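What follows is a set of notes on a single structure, which appears directly below.
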Amino acid sequence: MEGYILDWANLLLRWLHVITAIAWIGSSFYFVWLDNSLTPPTDENLRQKGVGGELWAVHGGGFYNPQKYLTSPAKLPEHLHWFYWESYSTWMSGFALFVVLYLFNASTFLIDKNVYDMSPGAAVGFAVSYLIVGWVVYDAICRIFGKSDKTVGILVAIYVGVAAYVACHIFSGRAAFLLTGAMIATIMSANVLFWIIPGQRKTVAALREGKPVDPIHGKRAKQRSVHNTYFTLPVLFAMLSNHYSMTYAAKNNWAVLIAIMLAGVFIRQFFILKHKGKINIAWPAAGVACLGVVAFLIAPQPRQQVAKADGAGAANAVSFVKVQEIMNSRCVQCHAEQPKMMPTAAKGIKLDTVDDIKSHAQLIYQQAVQQKAMPLGNVTQITDDERALLGQWFEGGAKTTN
């Protein structure tokens, strides 16, 4: 029952996380687009009221006319809509999902002994510290070098690259990618919590009290908001990467992660400029080039045939006894009627009988041979030769009679 309950918690938290993330990213993208699409008002009365830009749009059968005041309207409305719960709820649901899936199963999801051998407690401590340190370092960069957007941008990019390298040398590849995305997402939400919303509250309070507004609040909020919009696509890739072991299981996976995140930044830059009426194909071309180079470099190489003990190398002659031996030594710890490493068979898949192995042959081939996603974190230390043997067995017809 424990495994079943955790699966439901995983499902519901993931659903909630996706819903809130759509709301947050959607509103963020909309306001970046809106800010870059405003035009000076033609109505003199609007200009006198302090309107610096406006936009006419049609959507859902109605017409909309959003206006942006350069300072403030003559009278602040009693009710202002604040955009922050989208950010907070996304981070909280994401962290809760991380706790349920990764921290409760640290030995399976966080640790790869081929990368760094540590205890589950140490892995949990490193993971939480990684998120906290990420925000502290980023915030320090912004505080110290905040007067130069270019300097801040370069230093933040370097730090994210270093953080990705460190994560990929401490955690399993899958966890490293996710944690790097979670670190950036933590920075994004912390920007809203500690800088953007507090600055806006101080601005509104000053206006309502008739006091002069310190422009530094707007400048800081704008800088952090710009960072957030560039972070978005890298974070989305990191969150999705656990489905694509070809990326996180690749050699030099830290470089793969950095390159794909960089592609996301290039693509986002294209759209930001497009909102301003500037079409520069060089940016998406650079993004596509990054992705193309990564795809080429991590492409699977032809697998060598594993010879039989009697010297024959025919793929259709792989002994099923050897396949069972691999299942018993590498797979049944999680996939059995009574697994040793978890309360119930992972995902309900059992590989401890001949019929079970036969019925899941396609899945074994996909997960253990093609994607190398299983065993998770290679906790049971399956070898490349064993993966190759499983591949030959499947390609030879997945026979169970020899």
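Each chain in the structure tokens gets a letter, A, B, ..., in the order shown, and its residues are numbered from 1; ligands are numbered from 1 in order too.
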Interface rows for range 154-243 of chain A against range 30-45 of chain A: nearest pair, Å to one decimal, 9 Å, only C-alpha atoms, as JSON lines:
```
{"residue": "A:Ser225", "atom": "CA", "partner": "A:Val32", "partner_atom": "CA", "distance": 8.8}
{"residue": "A:Val226", "atom": "CA", "partner": "A:Val32", "partner_atom": "CA", "distance": 8.4}
{"residue": "A:Thr229", "atom": "CA", "partner": "A:Val32", "partner_atom": "CA", "distance": 7.9}
```
- Task: Fewer than 6 positions away in the same chain doesn't count, so skip those; otherwise give me all residues within 7 Å of Ser245 in chain A, counting only C-alpha atoms, as JSON, numbers by chain.
- Result: {"A": [371, 372, 373]}
Skip Leu70 in chain A itself and residues of its chain fewer than 3 positions away, then list as a PDB file with C-alpha atoms, in the first residue's frame all residues within 12 Å of it, counting only C-alpha atoms.
```
ATOM      1  CA  ASP A  35       5.383  45.180 -22.337  1.00  0.00           C
ATOM      2  CA  LEU A  38       2.770  48.607 -26.226  1.00  0.00           C
ATOM      3  CA  PRO A  40       2.453  55.361 -27.329  1.00  0.00           C
ATOM      4  CA  LEU A  46      -4.298  59.493 -22.072  1.00  0.00           C
ATOM      5  CA  ARG A  47      -0.816  60.977 -22.348  1.00  0.00           C
ATOM      6  CA  GLN A  48      -1.739  63.704 -19.878  1.00  0.00           C
ATOM      7  CA  LYS A  49      -2.986  61.066 -17.455  1.00  0.00           C
ATOM      8  CA  GLY A  50       0.433  59.404 -17.526  1.00  0.00           C
ATOM      9  CA  VAL A  51      -0.292  56.537 -19.930  1.00  0.00           C
ATOM     10  CA  GLY A  52       2.986  55.687 -21.630  1.00  0.00           C
ATOM     11  CA  GLY A  53       1.782  52.803 -23.763  1.00  0.00           C
ATOM     12  CA  GLU A  54      -1.360  50.951 -24.766  1.00  0.00           C
ATOM     13  CA  GLN A  67      -2.753  50.612 -20.733  1.00  0.00           C
ATOM     14  CA  PRO A  73      -2.860  56.810 -12.301  1.00  0.00           C
ATOM     15  CA  ALA A  74      -4.243  59.940 -10.669  1.00  0.00           C
ATOM     16  CA  VAL A 213       8.578  56.672  -5.369  1.00  0.00           C
ATOM     17  CA  PRO A 215      12.834  54.228  -8.878  1.00  0.00           C
ATOM     18  CA  GLY A 218      11.169  49.273 -10.441  1.00  0.00           C
TER      19      GLY A 218
END
```
- Item | Between CA of Glu386 in chain A and CA of Leu240 in chain A, distance in Å (one decimal) |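 Spanning CA of Glu386 in chain A to CA of Leu240 in chain A is a straight-line distance of 28.1 Å.
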Considering only C-alpha atoms, give me a table of residues in range 177-291 of chain A that are at most 9 Å from range 141-146 of chain A, with the closest atom pair and distance in Å for each, as a tab-separated table.
```
residue	atom	partner	partner_atom	distance
A:Arg220	CA	A:Gly146	CA	8.2
A:Gln223	CA	A:Gly146	CA	8.4
A:Arg224	CA	A:Cys142	CA	8.7
```
- Note on the structure: Using only C-alpha atoms, the residue out of A:Ala185, A:Ala289, A:Ala398, A:Leu76 with shortest distance to Gly210 in chain A is A:Leu76
- Task: Determine the nearest neighbour of Asp214 in chain A from the options A:Thr71, A:Thr353, A:Asn378, A:Gln370, counting only C-alpha atoms.
- Result: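 Going through A:Thr71, A:Thr353, A:Asn378, A:Gln370 one by one, the smallest distance to Asp214 in chain A is for A:Thr71.
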- Task: List every residue of range 147-336 of chain A that DSSP, applied to the backbone of this structure, assigns to helix (DSSP H, G or I), and report them as a PyMOL selection string.
- Result: chain A and resi 149-168+173-208+216-243+245-248+253-275+282-297+315-317+320-331
So that I have them on file, write out the residues from the current selection with C-alpha atoms, as a compact mmCIF listing (two decimals), in the first residue's frame.
```
# COMPACT_ATOMS: atom_id res chain seq x y z
CA ASP A 149 23.06 43.92 -16.67
CA LYS A 150 25.71 42.53 -19.02
CA THR A 151 28.09 41.63 -16.19
CA VAL A 152 25.29 40.04 -14.18
CA GLY A 153 24.14 38.04 -17.20
CA ILE A 154 27.61 36.69 -17.90
CA LEU A 155 28.32 35.79 -14.27
CA VAL A 156 24.92 34.12 -13.80
CA ALA A 157 25.43 32.07 -16.99
CA ILE A 158 28.88 30.98 -15.76
CA TYR A 159 27.48 30.04 -12.36
CA VAL A 160 24.65 27.98 -13.85
CA GLY A 161 27.22 26.14 -15.98
CA VAL A 162 29.42 25.43 -12.95
CA ALA A 163 26.39 24.31 -10.94
CA ALA A 164 25.34 21.92 -13.73
CA TYR A 165 28.86 20.45 -13.83
CA VAL A 166 28.90 19.96 -10.05
CA ALA A 167 25.44 18.36 -10.00
CA CYS A 168 26.40 15.89 -12.72
CA GLY A 173 22.33 11.99 -14.28
CA ARG A 174 18.55 12.05 -14.04
CA ALA A 175 18.62 13.77 -10.65
CA ALA A 176 21.37 16.19 -11.71
CA PHE A 177 19.32 17.50 -14.62
CA LEU A 178 16.21 17.85 -12.50
CA LEU A 179 18.07 19.50 -9.63
CA THR A 180 19.68 22.05 -11.93
CA GLY A 181 16.24 22.96 -13.23
CA ALA A 182 14.88 23.06 -9.67
CA MET A 183 17.72 25.35 -8.61
CA ILE A 184 16.91 27.80 -11.41
CA ALA A 185 13.17 27.54 -10.62
CA THR A 186 13.97 28.30 -6.97
CA ILE A 187 15.86 31.41 -8.09
CA MET A 188 12.87 32.46 -10.21
CA SER A 189 10.36 32.07 -7.40
CA ALA A 190 12.70 33.68 -4.87
CA ASN A 191 13.03 36.67 -7.21
CA VAL A 192 9.28 37.11 -6.99
CA LEU A 193 9.17 36.56 -3.22
CA PHE A 194 12.13 38.67 -2.12
CA TRP A 195 12.43 41.37 -4.77
CA ILE A 196 9.64 41.80 -7.29
CA ILE A 197 6.59 41.73 -5.00
CA PRO A 198 8.22 43.60 -2.05
CA GLY A 199 9.38 46.32 -4.46
CA GLN A 200 5.91 46.64 -5.91
CA ARG A 201 4.38 46.83 -2.42
CA LYS A 202 6.76 49.66 -1.45
CA THR A 203 5.91 51.51 -4.66
CA VAL A 204 2.15 51.19 -4.10
CA ALA A 205 2.47 52.18 -0.44
CA ALA A 206 4.44 55.30 -1.35
CA LEU A 207 1.89 56.30 -3.99
CA ARG A 208 -1.03 55.89 -1.62
CA ILE A 216 15.26 51.57 -7.64
CA HIS A 217 12.34 49.25 -6.84
CA GLY A 218 11.17 49.27 -10.44
CA LYS A 219 14.69 48.80 -11.79
CA ARG A 220 15.39 45.81 -9.54
CA ALA A 221 12.03 44.20 -10.27
CA LYS A 222 12.57 44.66 -14.01
CA GLN A 223 16.05 43.12 -13.87
CA ARG A 224 14.86 40.07 -11.94
CA SER A 225 11.83 39.69 -14.22
CA VAL A 226 14.07 39.71 -17.28
CA HIS A 227 16.24 37.01 -15.70
CA ASN A 228 13.14 34.93 -15.01
CA THR A 229 11.96 35.03 -18.60
CA TYR A 230 15.34 33.80 -19.87
CA PHE A 231 15.38 31.05 -17.25
CA THR A 232 12.00 29.67 -18.31
CA LEU A 233 12.88 27.45 -21.28
CA PRO A 234 15.99 25.92 -19.63
CA VAL A 235 13.86 25.05 -16.60
CA LEU A 236 11.18 23.46 -18.76
CA PHE A 237 13.76 21.25 -20.46
CA ALA A 238 15.26 20.19 -17.13
CA MET A 239 11.81 19.26 -15.83
CA LEU A 240 11.10 17.15 -18.92
CA SER A 241 14.55 15.59 -19.20
CA ASN A 242 13.80 12.64 -16.89
CA HIS A 243 11.82 11.13 -19.79
CA SER A 245 17.72 9.17 -20.73
CA MET A 246 19.67 9.70 -23.96
CA THR A 247 20.48 13.16 -22.56
CA TYR A 248 21.21 12.58 -18.88
CA ASN A 253 26.10 14.85 -19.57
CA TRP A 254 26.88 18.18 -17.89
CA ALA A 255 27.89 19.58 -21.29
CA VAL A 256 24.70 18.20 -22.83
CA LEU A 257 22.63 19.94 -20.15
CA ILE A 258 24.42 23.27 -20.59
CA ALA A 259 24.13 23.16 -24.39
CA ILE A 260 20.40 22.40 -24.39
CA MET A 261 19.70 25.07 -21.78
CA LEU A 262 21.70 27.54 -23.87
CA ALA A 263 19.57 26.62 -26.89
CA GLY A 264 16.51 27.51 -24.81
CA VAL A 265 17.98 30.94 -24.01
CA PHE A 266 18.70 31.60 -27.71
CA ILE A 267 15.16 30.64 -28.70
CA ARG A 268 13.66 32.81 -25.96
CA GLN A 269 15.78 35.75 -27.12
CA PHE A 270 14.31 35.41 -30.59
CA PHE A 271 10.76 35.72 -29.28
CA ILE A 272 11.59 38.63 -26.99
CA LEU A 273 13.02 40.55 -29.95
CA LYS A 274 10.10 39.49 -32.14
CA HIS A 275 7.68 41.09 -29.67
CA ALA A 282 20.36 34.11 -36.08
CA TRP A 283 19.03 33.44 -32.57
CA PRO A 284 16.81 30.42 -33.35
CA ALA A 285 19.45 29.23 -35.81
CA ALA A 286 21.99 29.23 -32.98
CA GLY A 287 19.53 27.32 -30.80
CA VAL A 288 18.90 24.72 -33.47
CA ALA A 289 22.64 24.43 -34.05
CA CYS A 290 23.21 23.70 -30.35
CA LEU A 291 20.54 21.01 -30.41
CA GLY A 292 21.89 19.53 -33.64
CA VAL A 293 25.44 19.28 -32.28
CA VAL A 294 24.17 17.62 -29.10
CA ALA A 295 22.01 15.15 -31.06
CA PHE A 296 24.98 14.24 -33.25
CA LEU A 297 27.46 13.82 -30.41
CA ALA A 315 22.03 -12.86 -32.33
CA ASN A 316 19.19 -15.37 -32.40
CA ALA A 317 21.23 -17.88 -30.37
CA PHE A 320 17.78 -17.35 -22.29
CA VAL A 321 19.53 -18.69 -19.20
CA LYS A 322 21.91 -15.73 -19.45
CA VAL A 323 18.97 -13.37 -19.81
CA GLN A 324 17.44 -14.79 -16.63
CA GLU A 325 20.74 -14.40 -14.83
CA ILE A 326 20.80 -10.71 -15.74
CA MET A 327 17.20 -10.28 -14.60
CA ASN A 328 17.96 -11.99 -11.28
CA SER A 329 21.11 -10.01 -10.58
CA ARG A 330 20.11 -6.59 -11.94
CA CYS A 331 16.32 -6.24 -12.17
```
